[in-house]
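Pasted below: work-v9.cif, mmCIF, N, CA and C atoms.
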```cif
data_input
#
loop_
_atom_site.label_atom_id
_atom_site.label_comp_id
_atom_site.auth_asym_id
_atom_site.auth_seq_id
_atom_site.Cartn_x
_atom_site.Cartn_y
_atom_site.Cartn_z
N MET E 2 -13.01 4.56 16.04
CA MET E 2 -12.17 3.64 15.30
C MET E 2 -12.90 3.14 14.05
N ARG E 3 -14.16 2.78 14.20
CA ARG E 3 -14.91 2.27 13.04
C ARG E 3 -15.08 3.33 11.97
N SER E 4 -15.28 4.57 12.39
CA SER E 4 -15.45 5.63 11.39
C SER E 4 -14.15 5.87 10.62
N ARG E 5 -13.00 5.71 11.28
CA ARG E 5 -11.73 5.86 10.58
C ARG E 5 -11.55 4.76 9.55
N ILE E 6 -11.95 3.55 9.89
CA ILE E 6 -11.84 2.43 8.95
C ILE E 6 -12.79 2.66 7.78
N ALA E 7 -13.98 3.14 8.06
CA ALA E 7 -14.94 3.41 6.99
C ALA E 7 -14.42 4.50 6.06
N TRP E 8 -13.86 5.57 6.64
CA TRP E 8 -13.32 6.64 5.80
C TRP E 8 -12.13 6.15 4.98
N ALA E 9 -11.30 5.30 5.58
CA ALA E 9 -10.17 4.74 4.83
C ALA E 9 -10.66 3.89 3.67
N ALA E 10 -11.71 3.11 3.90
CA ALA E 10 -12.28 2.29 2.83
C ALA E 10 -12.84 3.16 1.71
N VAL E 11 -13.54 4.23 2.08
CA VAL E 11 -14.07 5.15 1.08
C VAL E 11 -12.93 5.77 0.28
N TYR E 12 -11.86 6.13 0.98
CA TYR E 12 -10.71 6.74 0.30
C TYR E 12 -10.08 5.77 -0.70
N VAL E 13 -9.91 4.52 -0.29
CA VAL E 13 -9.30 3.53 -1.19
C VAL E 13 -10.18 3.31 -2.41
N VAL E 14 -11.48 3.28 -2.23
CA VAL E 14 -12.40 3.14 -3.37
C VAL E 14 -12.26 4.35 -4.29
N ALA E 15 -12.23 5.54 -3.72
CA ALA E 15 -12.08 6.76 -4.53
C ALA E 15 -10.75 6.77 -5.27
N LEU E 16 -9.70 6.31 -4.61
CA LEU E 16 -8.39 6.23 -5.25
C LEU E 16 -8.43 5.27 -6.44
N ASN E 17 -9.13 4.16 -6.29
CA ASN E 17 -9.25 3.21 -7.39
C ASN E 17 -10.07 3.78 -8.54
N VAL E 18 -11.12 4.51 -8.23
CA VAL E 18 -11.92 5.13 -9.28
C VAL E 18 -11.08 6.15 -10.03
N ALA E 19 -10.31 6.95 -9.29
CA ALA E 19 -9.44 7.93 -9.94
C ALA E 19 -8.41 7.24 -10.82
N ALA E 20 -7.86 6.15 -10.34
CA ALA E 20 -6.88 5.41 -11.14
C ALA E 20 -7.52 4.83 -12.38
N TRP E 21 -8.72 4.31 -12.24
CA TRP E 21 -9.41 3.70 -13.38
C TRP E 21 -9.61 4.72 -14.50
N PHE E 22 -10.03 5.91 -14.14
CA PHE E 22 -10.27 6.93 -15.15
C PHE E 22 -8.98 7.60 -15.62
N SER E 23 -7.94 7.60 -14.79
CA SER E 23 -6.68 8.22 -15.17
C SER E 23 -5.81 7.30 -16.03
N LEU E 24 -5.88 6.02 -15.75
CA LEU E 24 -5.05 5.05 -16.45
C LEU E 24 -5.93 4.26 -17.41
N GLU E 25 -6.03 4.75 -18.60
CA GLU E 25 -6.87 4.08 -19.58
C GLU E 25 -6.14 2.85 -20.09
N THR E 26 -6.60 1.69 -19.68
CA THR E 26 -5.97 0.44 -20.03
C THR E 26 -6.80 -0.28 -21.08
N PRO E 27 -6.20 -0.69 -22.19
CA PRO E 27 -6.95 -1.42 -23.22
C PRO E 27 -7.51 -2.73 -22.68
N ASP E 28 -8.63 -3.15 -23.24
CA ASP E 28 -9.29 -4.37 -22.77
C ASP E 28 -8.40 -5.60 -22.84
N GLU E 29 -7.54 -5.68 -23.85
CA GLU E 29 -6.68 -6.86 -23.96
C GLU E 29 -5.68 -6.97 -22.81
N LEU E 30 -5.42 -5.86 -22.13
CA LEU E 30 -4.53 -5.91 -20.97
C LEU E 30 -5.26 -6.27 -19.68
N LEU E 31 -6.56 -6.32 -19.72
CA LEU E 31 -7.34 -6.66 -18.53
C LEU E 31 -7.73 -8.13 -18.51
N THR E 32 -7.04 -8.96 -19.27
CA THR E 32 -7.32 -10.39 -19.30
C THR E 32 -6.55 -11.10 -18.19
N TRP E 33 -6.99 -12.29 -17.83
CA TRP E 33 -6.35 -13.07 -16.78
C TRP E 33 -4.89 -13.38 -17.17
N GLY E 34 -4.66 -13.69 -18.46
CA GLY E 34 -3.30 -13.99 -18.91
C GLY E 34 -2.34 -12.84 -18.69
N HIS E 35 -2.82 -11.62 -18.87
CA HIS E 35 -1.97 -10.45 -18.66
C HIS E 35 -1.75 -10.20 -17.16
N MET E 36 -2.76 -10.52 -16.37
CA MET E 36 -2.68 -10.23 -14.93
C MET E 36 -1.67 -11.12 -14.21
N VAL E 37 -1.44 -12.33 -14.68
CA VAL E 37 -0.54 -13.23 -13.98
C VAL E 37 0.82 -13.30 -14.68
N GLN E 38 1.39 -12.17 -14.91
CA GLN E 38 2.74 -12.09 -15.46
C GLN E 38 3.72 -11.75 -14.35
N ALA E 39 4.97 -11.99 -14.62
CA ALA E 39 6.01 -11.71 -13.63
C ALA E 39 6.01 -10.24 -13.22
N ASP E 40 5.68 -9.36 -14.16
CA ASP E 40 5.64 -7.92 -13.87
C ASP E 40 4.68 -7.62 -12.73
N LYS E 41 3.55 -8.27 -12.73
CA LYS E 41 2.55 -8.02 -11.68
C LYS E 41 3.06 -8.51 -10.33
N VAL E 42 3.71 -9.67 -10.33
CA VAL E 42 4.27 -10.20 -9.09
C VAL E 42 5.36 -9.27 -8.57
N GLU E 43 6.14 -8.70 -9.47
CA GLU E 43 7.17 -7.75 -9.06
C GLU E 43 6.55 -6.52 -8.41
N HIS E 44 5.46 -6.02 -8.96
CA HIS E 44 4.76 -4.88 -8.35
C HIS E 44 4.29 -5.25 -6.95
N LEU E 45 3.66 -6.40 -6.82
CA LEU E 45 3.15 -6.85 -5.53
C LEU E 45 4.30 -6.96 -4.52
N LEU E 46 5.38 -7.61 -4.91
CA LEU E 46 6.50 -7.81 -3.98
C LEU E 46 7.19 -6.50 -3.61
N ALA E 47 7.33 -5.59 -4.57
CA ALA E 47 7.98 -4.31 -4.28
C ALA E 47 7.18 -3.51 -3.26
N PHE E 48 5.86 -3.45 -3.43
CA PHE E 48 5.05 -2.67 -2.49
C PHE E 48 4.85 -3.42 -1.18
N PHE E 49 4.88 -4.75 -1.21
CA PHE E 49 4.85 -5.53 0.02
C PHE E 49 6.08 -5.20 0.85
N ALA E 50 7.25 -5.24 0.22
CA ALA E 50 8.50 -4.95 0.94
C ALA E 50 8.53 -3.51 1.43
N ALA E 51 8.10 -2.58 0.60
CA ALA E 51 8.10 -1.17 1.00
C ALA E 51 7.21 -0.96 2.22
N THR E 52 6.06 -1.58 2.23
CA THR E 52 5.14 -1.44 3.35
C THR E 52 5.69 -2.11 4.60
N LEU E 53 6.24 -3.30 4.42
CA LEU E 53 6.78 -4.05 5.55
C LEU E 53 7.94 -3.31 6.22
N VAL E 54 8.68 -2.53 5.45
CA VAL E 54 9.79 -1.75 6.01
C VAL E 54 9.29 -0.41 6.55
N ALA E 55 8.38 0.25 5.84
CA ALA E 55 7.94 1.60 6.22
C ALA E 55 7.16 1.61 7.52
N ILE E 56 6.33 0.62 7.74
CA ILE E 56 5.46 0.66 8.93
C ILE E 56 6.28 0.57 10.22
N PRO E 57 7.18 -0.40 10.38
CA PRO E 57 7.97 -0.39 11.62
C PRO E 57 8.93 0.80 11.71
N LEU E 58 9.44 1.23 10.57
CA LEU E 58 10.41 2.33 10.55
C LEU E 58 9.76 3.67 10.91
N LEU E 59 8.60 3.95 10.33
CA LEU E 59 7.95 5.25 10.51
C LEU E 59 6.72 5.19 11.43
N GLY E 60 6.38 4.00 11.88
CA GLY E 60 5.17 3.81 12.66
C GLY E 60 5.12 4.54 13.99
N ARG E 61 6.24 4.98 14.46
CA ARG E 61 6.26 5.73 15.72
C ARG E 61 5.65 7.12 15.53
N TRP E 62 5.75 7.65 14.31
CA TRP E 62 5.28 9.01 14.04
C TRP E 62 3.99 9.06 13.23
N VAL E 63 3.76 8.02 12.42
CA VAL E 63 2.59 8.00 11.55
C VAL E 63 1.93 6.63 11.70
N SER E 64 0.60 6.61 11.75
CA SER E 64 -0.09 5.33 11.92
C SER E 64 0.11 4.43 10.71
N ALA E 65 -0.01 3.13 10.95
CA ALA E 65 0.17 2.14 9.88
C ALA E 65 -0.84 2.35 8.76
N GLY E 66 -2.06 2.70 9.11
CA GLY E 66 -3.09 2.93 8.10
C GLY E 66 -2.77 4.11 7.20
N ILE E 67 -2.28 5.19 7.79
CA ILE E 67 -1.90 6.36 7.00
C ILE E 67 -0.72 6.03 6.10
N LEU E 68 0.25 5.29 6.61
CA LEU E 68 1.39 4.88 5.78
C LEU E 68 0.93 4.01 4.61
N ALA E 69 -0.02 3.11 4.86
CA ALA E 69 -0.54 2.27 3.79
C ALA E 69 -1.22 3.12 2.71
N ILE E 70 -1.97 4.10 3.12
CA ILE E 70 -2.65 4.98 2.16
C ILE E 70 -1.62 5.80 1.37
N ILE E 71 -0.57 6.27 2.05
CA ILE E 71 0.49 7.01 1.35
C ILE E 71 1.16 6.12 0.31
N LEU E 72 1.42 4.87 0.66
CA LEU E 72 2.05 3.96 -0.30
C LEU E 72 1.11 3.62 -1.45
N MET E 73 -0.18 3.54 -1.19
CA MET E 73 -1.13 3.34 -2.29
C MET E 73 -1.11 4.53 -3.24
N ASN E 74 -1.03 5.73 -2.66
CA ASN E 74 -0.91 6.93 -3.49
C ASN E 74 0.38 6.89 -4.32
N ALA E 75 1.45 6.41 -3.72
CA ALA E 75 2.72 6.32 -4.44
C ALA E 75 2.57 5.39 -5.65
N GLY E 76 1.83 4.30 -5.50
CA GLY E 76 1.60 3.39 -6.62
C GLY E 76 0.87 4.08 -7.76
N LEU E 77 -0.11 4.89 -7.42
CA LEU E 77 -0.85 5.64 -8.44
C LEU E 77 0.05 6.66 -9.12
N VAL E 78 0.86 7.36 -8.34
CA VAL E 78 1.75 8.37 -8.91
C VAL E 78 2.75 7.72 -9.87
N VAL E 79 3.28 6.58 -9.49
CA VAL E 79 4.23 5.87 -10.37
C VAL E 79 3.56 5.53 -11.70
N GLU E 80 2.35 5.04 -11.65
CA GLU E 80 1.65 4.67 -12.89
C GLU E 80 1.32 5.91 -13.72
N LEU E 81 0.92 6.98 -13.07
CA LEU E 81 0.62 8.21 -13.81
C LEU E 81 1.88 8.78 -14.47
N MET E 82 3.02 8.69 -13.79
CA MET E 82 4.27 9.18 -14.38
C MET E 82 4.66 8.34 -15.59
N GLN E 83 4.37 7.05 -15.55
CA GLN E 83 4.70 6.19 -16.68
C GLN E 83 3.89 6.54 -17.92
N ALA E 84 2.75 7.16 -17.73
CA ALA E 84 1.92 7.56 -18.88
C ALA E 84 2.63 8.62 -19.73
N PHE E 85 3.57 9.35 -19.14
CA PHE E 85 4.28 10.41 -19.86
C PHE E 85 5.59 9.92 -20.50
N ASP E 86 5.95 8.68 -20.26
CA ASP E 86 7.16 8.12 -20.83
C ASP E 86 6.78 7.20 -21.99
N PRO E 87 7.18 7.53 -23.22
CA PRO E 87 6.79 6.71 -24.36
C PRO E 87 7.30 5.27 -24.30
N ALA E 88 8.37 5.04 -23.55
CA ALA E 88 8.92 3.69 -23.44
C ALA E 88 8.19 2.84 -22.41
N ARG E 89 7.30 3.44 -21.64
CA ARG E 89 6.58 2.72 -20.57
C ARG E 89 5.09 2.79 -20.84
N ASN E 90 4.33 1.99 -20.13
CA ASN E 90 2.88 2.11 -20.23
C ASN E 90 2.26 2.15 -18.84
N ALA E 91 1.27 2.97 -18.68
CA ALA E 91 0.54 3.07 -17.41
C ALA E 91 -0.55 2.01 -17.44
N ASP E 92 -0.54 1.15 -16.44
CA ASP E 92 -1.42 -0.01 -16.44
C ASP E 92 -2.20 -0.07 -15.13
N ILE E 93 -3.51 -0.12 -15.23
CA ILE E 93 -4.36 -0.20 -14.03
C ILE E 93 -4.06 -1.49 -13.27
N ALA E 94 -3.72 -2.54 -13.98
CA ALA E 94 -3.42 -3.81 -13.30
C ALA E 94 -2.18 -3.68 -12.42
N ASP E 95 -1.19 -2.92 -12.86
CA ASP E 95 -0.01 -2.68 -12.02
C ASP E 95 -0.42 -1.98 -10.73
N PHE E 96 -1.29 -1.01 -10.85
CA PHE E 96 -1.75 -0.27 -9.67
C PHE E 96 -2.52 -1.19 -8.72
N VAL E 97 -3.32 -2.08 -9.27
CA VAL E 97 -4.08 -3.02 -8.43
C VAL E 97 -3.11 -3.93 -7.67
N PHE E 98 -2.08 -4.42 -8.35
CA PHE E 98 -1.12 -5.28 -7.67
C PHE E 98 -0.27 -4.50 -6.67
N ASP E 99 -0.03 -3.22 -6.92
CA ASP E 99 0.62 -2.37 -5.92
C ASP E 99 -0.22 -2.36 -4.64
N GLN E 100 -1.52 -2.20 -4.80
CA GLN E 100 -2.41 -2.16 -3.64
C GLN E 100 -2.45 -3.49 -2.90
N PHE E 101 -2.46 -4.59 -3.65
CA PHE E 101 -2.40 -5.90 -3.00
C PHE E 101 -1.13 -6.03 -2.18
N GLY E 102 -0.01 -5.57 -2.73
CA GLY E 102 1.26 -5.61 -2.00
C GLY E 102 1.21 -4.79 -0.72
N VAL E 103 0.62 -3.60 -0.80
CA VAL E 103 0.49 -2.75 0.38
C VAL E 103 -0.39 -3.43 1.43
N ALA E 104 -1.51 -3.99 0.99
CA ALA E 104 -2.42 -4.66 1.93
C ALA E 104 -1.75 -5.86 2.60
N LEU E 105 -1.06 -6.66 1.83
CA LEU E 105 -0.37 -7.82 2.41
C LEU E 105 0.76 -7.38 3.34
N GLY E 106 1.49 -6.32 2.97
CA GLY E 106 2.53 -5.80 3.84
C GLY E 106 1.97 -5.25 5.14
N TRP E 107 0.82 -4.60 5.04
CA TRP E 107 0.16 -4.07 6.24
C TRP E 107 -0.24 -5.21 7.17
N LEU E 108 -0.82 -6.27 6.58
CA LEU E 108 -1.22 -7.43 7.39
C LEU E 108 -0.01 -8.13 7.99
N ALA E 109 1.04 -8.29 7.19
CA ALA E 109 2.24 -8.97 7.68
C ALA E 109 2.95 -8.17 8.76
N SER E 110 2.78 -6.87 8.77
CA SER E 110 3.46 -6.04 9.76
C SER E 110 2.75 -6.03 11.11
N MET E 111 1.54 -6.56 11.17
CA MET E 111 0.78 -6.51 12.44
C MET E 111 1.53 -7.16 13.60
N PRO E 112 2.03 -8.40 13.46
CA PRO E 112 2.76 -8.99 14.60
C PRO E 112 4.01 -8.19 14.96
N LEU E 113 4.68 -7.66 13.96
CA LEU E 113 5.87 -6.85 14.19
C LEU E 113 5.52 -5.57 14.95
N ARG E 114 4.39 -4.95 14.58
CA ARG E 114 3.96 -3.73 15.28
C ARG E 114 3.65 -4.04 16.73
N ARG E 115 3.01 -5.18 16.99
CA ARG E 115 2.69 -5.55 18.38
C ARG E 115 3.97 -5.75 19.18
N ARG E 116 4.93 -6.45 18.58
CA ARG E 116 6.19 -6.71 19.27
C ARG E 116 6.93 -5.40 19.54
N LEU E 117 7.01 -4.51 18.56
CA LEU E 117 7.67 -3.23 18.75
C LEU E 117 6.94 -2.38 19.77
N GLY E 118 5.61 -2.44 19.77
CA GLY E 118 4.82 -1.68 20.75
C GLY E 118 5.12 -2.14 22.16
N ARG E 119 5.24 -3.45 22.37
CA ARG E 119 5.55 -3.98 23.69
C ARG E 119 6.95 -3.57 24.13
N SER E 120 7.91 -3.61 23.23
CA SER E 120 9.28 -3.25 23.61
C SER E 120 9.37 -1.76 23.96
N ARG E 121 8.58 -0.93 23.30
CA ARG E 121 8.57 0.50 23.63
C ARG E 121 7.93 0.74 24.99
N GLU E 122 6.86 -0.03 25.30
CA GLU E 122 6.15 0.15 26.57
C GLU E 122 7.04 -0.21 27.75
N VAL E 123 7.90 -1.21 27.58
CA VAL E 123 8.75 -1.65 28.67
C VAL E 123 9.69 -0.54 29.12
N GLY E 124 10.25 0.20 28.19
CA GLY E 124 11.24 1.21 28.54
C GLY E 124 10.71 2.63 28.67
N THR E 125 9.40 2.85 28.59
CA THR E 125 8.90 4.22 28.58
C THR E 125 8.26 4.66 29.89
N GLY E 126 8.14 3.79 30.83
CA GLY E 126 7.49 4.16 32.09
C GLY E 126 8.39 4.99 32.98
N PRO E 127 7.82 5.62 34.02
CA PRO E 127 8.63 6.42 34.94
C PRO E 127 9.56 5.54 35.78
N VAL E 128 10.69 6.08 36.15
CA VAL E 128 11.65 5.35 36.96
C VAL E 128 11.36 5.64 38.43
N HIS E 129 11.23 4.58 39.22
CA HIS E 129 10.96 4.73 40.65
C HIS E 129 12.16 4.20 41.42
N ASN E 130 12.71 5.02 42.28
CA ASN E 130 13.84 4.59 43.12
C ASN E 130 13.30 4.37 44.53
N ASP E 131 12.79 3.17 44.76
CA ASP E 131 12.23 2.85 46.08
C ASP E 131 13.27 2.32 47.01
#
```
Go ahead and render the structure in this file as structure tokens.
Amino acid sequence: MRSRIAWAAVYVVALNVAAWFSLETPDELLTWGHMVQADKVEHLLAFFAATLVAIPLLGRWVSAGILAIILMNAGLVVELMQAFDPARNADIADFVFDQFGVALGWLASMPLRRRLGRSREVGTGPVHND
């Protein structure tokens, strides 16, 4: 279990390094004033909601950690695609807030996962006709 968490942490760091070098963000966009805009909150909330829905929905087939990593990848892909649209800009800060949303959604889904796990356990045992 610990090695899986360590590998997941290494992966998230590598994903951030790749995003940093892929999404060249001007220094003026890396200021605190730019970071606390409504756009960033929208990124956080969108990925929070996506994670909160995806984990209970798909958690029976894919682990919550893998789903979180997939959603983090989705955030990077969205930002990379925006780099090709002249009307949009690819912003590393958006990607960072996507990740915060995924992390918060993963944490918020923990009680829900426990509750769903218990309800599945109740109905999955063998039937005994004594």
Worksheet item: Between E:Ala20, E:Tyr12, E:Ala51, E:Glu80, which one has atoms that come closest to E:Ala104, using only C-alpha atoms?
Response: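 Closest candidate: E:Ala51.
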Worksheet item: Mind pulling up the distance from atom CA of E:Leu108 to atom CA of E:Val54?
Response: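 Going from atom CA of E:Val54 over to atom CA of E:Leu108 covers 12.5 Å.
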Assuming 6 Å of padding per side, give the centre and edge lengths of the axis-aligned box around every listed atom of stretch 101-108 of chain E, in Å to one decimal and as lines of an AutoDock Vina configuration file.
```
center_x = 0.0
center_y = -5.4
center_z = 2.2
size_x = 17.0
size_y = 17.4
size_z = 23.6
```
Discussion item. Please list as a ChimeraX atom specification every residue within 8 Å of E:Asp95, counting only N, CA and C atoms and excluding residues in the same chain fewer than 6 positions away.
Written reply: /E:36,40-41,44-45,76-77,80,101
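Evaluating the PyMOL selection byres (((chain E and resi 71 and name CA) around 12) and name CA) against the shown model yields Ala9, Tyr12, Val13, Leu16, Phe48, Ala51, Thr52, Ala55, Ile56, Leu59, Val63, Ser64, Ala65, Gly66, Ile67, Leu68, Ala69, Ile70, Leu72, Met73, Asn74, Ala75, Gly76, Leu77, Val78, Asp99, Gln100 and Val103 of chain E.
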Item to complete: Grab the atom CA of E:Ala10 to atom CA of E:Leu58 distance for me, in Å with one decimal place.
Response: 24.0 Å
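Atom CA of E:Leu53 lies 7.2 Å from atom C of E:Leu105.
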